[in-house]
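The next block is data_22.pdb, given as PDB, C-alpha atoms and all ligand atoms.
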```pdb
ATOM      1  CA  MET G 707     -16.745 -12.009  -5.599
ATOM      2  CA  ILE G 708     -14.764  -9.321  -7.343
ATOM      3  CA  GLN G 709     -14.522  -9.714 -11.101
ATOM      4  CA  THR G 710     -10.850  -9.805 -11.972
ATOM      5  CA  GLY G 711      -8.646 -10.204 -15.002
ATOM      6  CA  HIS G 712      -5.584 -12.182 -14.052
ATOM      7  CA  MET G 713      -4.590 -11.451 -10.490
ATOM      8  CA  HIS G 714      -1.052 -11.921  -9.273
ATOM      9  CA  GLU G 715      -0.606 -11.706  -5.529
ATOM     10  CA  ILE G 716       2.422  -9.889  -4.146
ATOM     11  CA  ASN G 717       3.216 -12.209  -1.307
ATOM     12  CA  GLY G 718       5.691 -11.140   1.373
ATOM     13  CA  TYR G 719       7.663  -8.518  -0.500
ATOM     14  CA  ARG G 720       7.565  -4.963  -1.771
ATOM     15  CA  PRO G 721       7.469  -4.713  -5.546
ATOM     16  CA  SER G 722      10.077  -2.646  -7.355
ATOM     17  CA  ARG G 723       8.116  -2.152 -10.554
ATOM     18  CA  VAL G 724       4.696  -2.601 -12.078
ATOM     19  CA  PRO G 725       4.780  -4.868 -15.128
ATOM     20  CA  LYS G 726       3.587  -3.318 -18.368
ATOM     21  CA  ASP G 727      -0.176  -3.621 -18.900
ATOM     22  CA  ARG G 728      -0.779  -4.359 -15.219
ATOM     23  CA  VAL G 729      -2.153  -2.255 -12.387
ATOM     24  CA  LEU G 730      -0.908  -2.451  -8.813
ATOM     25  CA  MET G 731      -3.504  -2.467  -6.007
ATOM     26  CA  HIS G 732      -3.460  -2.925  -2.247
ATOM     27  CA  ASN G 733      -6.107  -3.614   0.363
ATOM     28  CA  PHE G 734      -7.376  -1.365   3.168
ATOM     29  CA  VAL G 735      -4.966  -2.461   5.922
ATOM     30  CA  ILE G 736      -2.867   0.479   7.143
ATOM     31  CA  HIS G 737       0.795   0.328   6.170
ATOM     32  CA  GLY G 738       3.866   2.476   5.594
ATOM     33  CA  PRO G 739       5.539   3.310   2.287
ATOM     34  CA  ASN G 740       8.319   0.763   2.825
ATOM     35  CA  TRP G 741       6.309  -2.164   4.148
ATOM     36  CA  ARG G 742       6.346  -5.551   2.504
ATOM     37  CA  THR G 743       3.032  -7.307   2.177
ATOM     38  CA  GLY G 744       1.886  -9.747   4.834
ATOM     39  CA  ILE G 745       2.235  -7.457   7.865
ATOM     40  CA  ASN G 746      -1.042  -7.327   9.849
ATOM     41  CA  GLY G 747      -2.910  -8.571   6.810
ATOM     42  CA  PHE G 748      -1.567  -5.958   4.403
ATOM     43  CA  ARG G 749      -2.003  -7.429   0.929
ATOM     44  CA  ALA G 750      -1.297  -6.263  -2.608
ATOM     45  CA  TRP G 751      -1.599  -7.633  -6.087
ATOM     46  CA  THR G 752      -1.475  -6.726  -9.726
ATOM     47  CA  ASP G 753      -4.142  -7.395 -12.284
ATOM     48  CA  SER G 754      -4.616  -6.821 -15.974
ATOM     49  CA  LYS G 755      -7.477  -4.455 -15.132
ATOM     50  CA  LEU G 756      -8.410  -2.108 -12.339
ATOM     51  CA  HIS G 757     -10.941  -3.504  -9.887
ATOM     52  CA  GLU G 758     -14.243  -1.740  -9.410
ATOM     53  CA  GLY G 759     -14.250   0.795  -6.577
ATOM     54  CA  PHE G 760     -10.484   1.345  -6.725
ATOM     55  CA  VAL G 761      -8.997   4.822  -7.158
ATOM     56  CA  PRO G 762      -5.449   6.231  -7.348
ATOM     57  CA  CYS G 763      -3.857   5.941  -3.908
ATOM     58  CA  PRO G 764      -1.555   8.718  -2.679
ATOM     59  CA  CYS G 765       0.094   6.796   0.193
ATOM     60  CA  GLY G 766       3.477   6.456  -1.515
ATOM     61  CA  TRP G 767       3.743   2.698  -1.013
ATOM     62  CA  ALA G 768       6.767   1.196  -2.805
ATOM     63  CA  GLY G 769       7.211   4.471  -4.690
ATOM     64  CA  LEU G 770       4.962   3.078  -7.418
ATOM     65  CA  PRO G 771       1.716   4.318  -8.951
ATOM     66  CA  HIS G 772      -1.038   2.178  -7.471
ATOM     67  CA  PHE G 773      -4.696   2.024  -6.524
ATOM     68  CA  SER G 774      -6.748   1.143  -3.491
ATOM     69  CA  TYR G 775     -10.350   0.994  -2.267
ATOM     70  CA  LYS G 776     -12.061   4.363  -2.505
ATOM     71  CA  GLU G 777     -12.848   4.245   1.240
ATOM     72  CA  HIS G 778      -9.223   3.520   2.187
ATOM     73  CA  VAL G 779      -7.954   6.377   0.035
ATOM     74  CA  GLN G 780     -10.569   8.730   1.500
ATOM     75  CA  ARG G 781      -9.552   7.807   5.068
ATOM     76  CA  TYR G 782      -5.939   8.570   4.188
ATOM     77  CA  ARG G 783      -6.830  11.853   2.480
ATOM     78  CA  ASP G 784      -9.077  12.951   5.384
ATOM     79  CA  ASP G 785      -6.199  12.786   7.869
ATOM     80  CA  PRO G 786      -2.787  11.835   6.438
ATOM     81  CA  LYS G 787      -0.924  12.830   9.615
ATOM     82  CA  GLY G 788      -3.253  10.731  11.794
ATOM     83  CA  TYR G 789      -2.863   7.773   9.439
ATOM     84  CA  GLN G 790       0.914   8.144   9.450
ATOM     85  CA  LEU G 791       0.947   8.295  13.258
ATOM     86  CA  ARG G 792      -1.093   5.073  13.474
ATOM     87  CA  VAL G 793       1.410   3.422  11.125
ATOM     88  CA  LYS G 794       4.276   4.669  13.329
ATOM     89  CA  TYR G 795       2.677   2.926  16.349
ATOM     90  CA  GLN G 796       2.332  -0.266  14.302
ATOM     91  CA  GLU G 797       5.986  -0.019  13.292
ATOM     92  CA  LEU G 798       7.107   0.455  16.904
ATOM     93  CA  ALA G 799       5.016  -2.510  18.048
ATOM     94  CA  HIS G 800       6.362  -4.650  15.199
ATOM     95  CA  ALA G 801       9.965  -3.680  15.988
ATOM     96  CA  LYS G 802       9.518  -4.716  19.632
ATOM     97  CA  VAL G 803       8.367  -8.208  18.731
ATOM     98  CA  TRP G 804      10.194  -8.930  15.486
ATOM     99  CA  LEU G 805      13.262  -6.681  15.786
ATOM    100  CA  GLU G 806      12.549  -5.473  12.275
ATOM    101  CA  ASP G 807      12.222  -1.808  11.339
ATOM    102  CA  LEU G 808       9.415  -1.591   8.798
ATOM    103  CA  SER G 809       9.979   2.120   8.270
ATOM    104  CA  LYS G 810      13.415   1.447   6.761
ATOM    105  CA  GLY G 811      13.619   1.990   3.029
ATOM    106  CA  PRO G 812      13.848   4.561   0.291
ATOM    107  CA  TYR G 813      10.167   5.504   0.058
ATOM    108  CA  LYS G 814       8.380   8.461   1.635
ATOM    109  CA  TRP G 815       4.750   9.273   2.346
ATOM    110  CA  GLY G 816       2.888  10.704  -0.593
ATOM    111  CA  ASP G 817       3.264  10.003  -4.258
ATOM    112  CA  PRO G 818       4.481  12.702  -6.613
ATOM    113  CA  GLN G 819       2.259  11.346  -9.356
ATOM    114  CA  PHE G 820      -0.966  11.754  -7.385
ATOM    115  CA  GLY G 821       0.055  14.335  -4.798
ATOM    116  CA  ALA G 822       0.029  13.843  -1.026
TER
HETATM  117 ZN    ZN O   1      -1.521   3.180  -1.265
END
```

Output the structure of this file as structure tokens.
Amino acid sequence: MIQTGHMHEINGYRPSRVPKDRVLMHNFVIHGPNWRTGINGFRAWTDSKLHEGFVPCPCGWAGLPHFSYKEHVQRYRDDPKGYQLRVKYQELAHAKVWLEDLSKGPYKWGDPQFGA
């Protein structure tokens, strides 16, 4: 069990801000910068403190500074183009079934704060 402060799950939406004194984190499920949570098990939350093993994540999700598992961030950093291509396939598959374009939105890959 991960020791947490006061977790708040971001359930089925994409946050537009990170409340003061909170940190935004997401799990290891691949996702695009404009995705809401809940797709294919993509989850995110805020907490009053950073969880152990989490590092700044450069994926650009929601255009907000955030953190993710060290291993997830390393996989992204090792091959950002490959990761982005896998997300594209997920988005195409999702659009076929749900008629929803998950790529739509204002946010781009990479985060200016952490660098792509
Ligand atoms: Zn991220």

Q: Output the neighbourhood of ligand ZN 1 (chain O) as a ChimeraX atom specification, that is, all protein and nucleic acid residues with some atom at most 10 Å from the ligand, counting only C-alpha atoms and all ligand atoms.
A: /G:730-739,750,761-775,778-779,782,815-817

Q | Spatial sel., origin (5.8, -0.2, 12.9), limit 10 Å, only C-alpha atoms, listed as a list in words | A |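 Residues with an atom at most 10 Å from (5.8, -0.2, 12.9): His737, Gly738, Trp741, Ile745, Leu791, Arg792, Val793, Lys794, Tyr795, Gln796, Glu797, Leu798, Ala799, His800, Ala801, Lys802, Glu806, Asp807, Leu808, Ser809 and Lys810 of chain G.
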
Q | CA of Arg749 in chain G to CA of Val729 in chain G, distance in Å rounded to a single decimal | A |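 We find that CA of Arg749 in chain G and CA of Val729 in chain G lie 14.3 Å from each other.
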
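In this structure, CA of His714 in chain G sits 22.7 Å away from CA of Tyr813 in chain G.
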
(Q) So the first atom is CA of Lys814 in chain G and the second is CA of Glu758 in chain G; what is the distance between them in Å, to one decimal place? (A) 27.2 Å

Let me know the centre plus edge lengths, in Å and rounded to one decimal, of a box with edges along x, y and z that contains all listed atoms of range 765-778 of chain G and is padded by 5 Å on every side, as lines of an AutoDock Vina configuration file.
```
center_x = -2.8
center_y = 3.9
center_z = -3.4
size_x = 30.1
size_y = 15.8
size_z = 21.1
```

Q: Kindly indicate which residue among G:Asp784, G:Gly744, G:Phe760, G:Trp751 lies nearest to His712 in chain G, using all atoms listed in the file for the distances.
A: G:Trp751

Q. What's the 12 Å shell around Lys726 in chain G, counting all atoms listed in the file, without same-chain residues fewer than 6 positions away, as number ranges by chain?
A. G: 752-755

Could you add N, CA and C atoms to range 786-807 of chain G and give me the result as a PDB file, keeping the file's coordinate frame?
```pdb
ATOM      1  N   PRO G 786      -4.055  12.532   6.716  1.00  0.00           N
ATOM      2  CA  PRO G 786      -2.787  11.835   6.438  1.00  0.00           C
ATOM      3  C   PRO G 786      -1.873  11.757   7.658  1.00  0.00           C
ATOM      4  N   LYS G 787      -1.819  12.824   8.444  1.00  0.00           N
ATOM      5  CA  LYS G 787      -0.924  12.830   9.615  1.00  0.00           C
ATOM      6  C   LYS G 787      -1.380  11.799  10.650  1.00  0.00           C
ATOM      7  N   GLY G 788      -2.703  11.713  10.850  1.00  0.00           N
ATOM      8  CA  GLY G 788      -3.253  10.731  11.794  1.00  0.00           C
ATOM      9  C   GLY G 788      -2.968   9.310  11.326  1.00  0.00           C
ATOM     10  N   TYR G 789      -3.135   9.082  10.030  1.00  0.00           N
ATOM     11  CA  TYR G 789      -2.863   7.773   9.439  1.00  0.00           C
ATOM     12  C   TYR G 789      -1.394   7.412   9.639  1.00  0.00           C
ATOM     13  N   GLN G 790      -0.530   8.387   9.345  1.00  0.00           N
ATOM     14  CA  GLN G 790       0.914   8.144   9.450  1.00  0.00           C
ATOM     15  C   GLN G 790       1.329   7.866  10.893  1.00  0.00           C
ATOM     16  N   LEU G 791       0.657   8.530  11.846  1.00  0.00           N
ATOM     17  CA  LEU G 791       0.947   8.295  13.258  1.00  0.00           C
ATOM     18  C   LEU G 791       0.521   6.877  13.663  1.00  0.00           C
ATOM     19  N   ARG G 792      -0.636   6.437  13.169  1.00  0.00           N
ATOM     20  CA  ARG G 792      -1.093   5.073  13.474  1.00  0.00           C
ATOM     21  C   ARG G 792      -0.112   4.050  12.907  1.00  0.00           C
ATOM     22  N   VAL G 793       0.413   4.324  11.722  1.00  0.00           N
ATOM     23  CA  VAL G 793       1.410   3.422  11.125  1.00  0.00           C
ATOM     24  C   VAL G 793       2.672   3.401  11.986  1.00  0.00           C
ATOM     25  N   LYS G 794       3.074   4.574  12.474  1.00  0.00           N
ATOM     26  CA  LYS G 794       4.276   4.669  13.329  1.00  0.00           C
ATOM     27  C   LYS G 794       4.122   3.761  14.556  1.00  0.00           C
ATOM     28  N   TYR G 795       2.927   3.794  15.194  1.00  0.00           N
ATOM     29  CA  TYR G 795       2.677   2.926  16.349  1.00  0.00           C
ATOM     30  C   TYR G 795       2.791   1.458  15.951  1.00  0.00           C
ATOM     31  N   GLN G 796       2.244   1.117  14.792  1.00  0.00           N
ATOM     32  CA  GLN G 796       2.332  -0.266  14.302  1.00  0.00           C
ATOM     33  C   GLN G 796       3.796  -0.664  14.096  1.00  0.00           C
ATOM     34  N   GLU G 797       4.568   0.274  13.565  1.00  0.00           N
ATOM     35  CA  GLU G 797       5.986  -0.019  13.292  1.00  0.00           C
ATOM     36  C   GLU G 797       6.757  -0.213  14.599  1.00  0.00           C
ATOM     37  N   LEU G 798       6.436   0.597  15.604  1.00  0.00           N
ATOM     38  CA  LEU G 798       7.107   0.455  16.904  1.00  0.00           C
ATOM     39  C   LEU G 798       6.749  -0.879  17.552  1.00  0.00           C
ATOM     40  N   ALA G 799       5.470  -1.237  17.471  1.00  0.00           N
ATOM     41  CA  ALA G 799       5.016  -2.510  18.048  1.00  0.00           C
ATOM     42  C   ALA G 799       5.676  -3.681  17.321  1.00  0.00           C
ATOM     43  N   HIS G 800       5.750  -3.587  16.004  1.00  0.00           N
ATOM     44  CA  HIS G 800       6.362  -4.650  15.199  1.00  0.00           C
ATOM     45  C   HIS G 800       7.850  -4.791  15.548  1.00  0.00           C
ATOM     46  N   ALA G 801       8.524  -3.658  15.694  1.00  0.00           N
ATOM     47  CA  ALA G 801       9.965  -3.680  15.988  1.00  0.00           C
ATOM     48  C   ALA G 801      10.238  -4.347  17.334  1.00  0.00           C
ATOM     49  N   LYS G 802       9.352  -4.124  18.303  1.00  0.00           N
ATOM     50  CA  LYS G 802       9.518  -4.716  19.632  1.00  0.00           C
ATOM     51  C   LYS G 802       9.480  -6.240  19.567  1.00  0.00           C
ATOM     52  N   VAL G 803       8.564  -6.758  18.801  1.00  0.00           N
ATOM     53  CA  VAL G 803       8.367  -8.208  18.731  1.00  0.00           C
ATOM     54  C   VAL G 803       9.321  -8.866  17.751  1.00  0.00           C
ATOM     55  N   TRP G 804       9.477  -8.268  16.578  1.00  0.00           N
ATOM     56  CA  TRP G 804      10.194  -8.930  15.486  1.00  0.00           C
ATOM     57  C   TRP G 804      11.591  -8.368  15.230  1.00  0.00           C
ATOM     58  N   LEU G 805      11.946  -7.294  15.963  1.00  0.00           N
ATOM     59  CA  LEU G 805      13.262  -6.681  15.786  1.00  0.00           C
ATOM     60  C   LEU G 805      13.513  -6.315  14.321  1.00  0.00           C
ATOM     61  N   GLU G 806      12.455  -5.867  13.682  1.00  0.00           N
ATOM     62  CA  GLU G 806      12.549  -5.473  12.275  1.00  0.00           C
ATOM     63  C   GLU G 806      11.962  -4.072  12.137  1.00  0.00           C
ATOM     64  N   ASP G 807      12.701  -3.177  11.523  1.00  0.00           N
ATOM     65  CA  ASP G 807      12.222  -1.808  11.339  1.00  0.00           C
ATOM     66  C   ASP G 807      11.531  -1.664   9.995  1.00  0.00           C
TER      67      ASP G 807
END
```
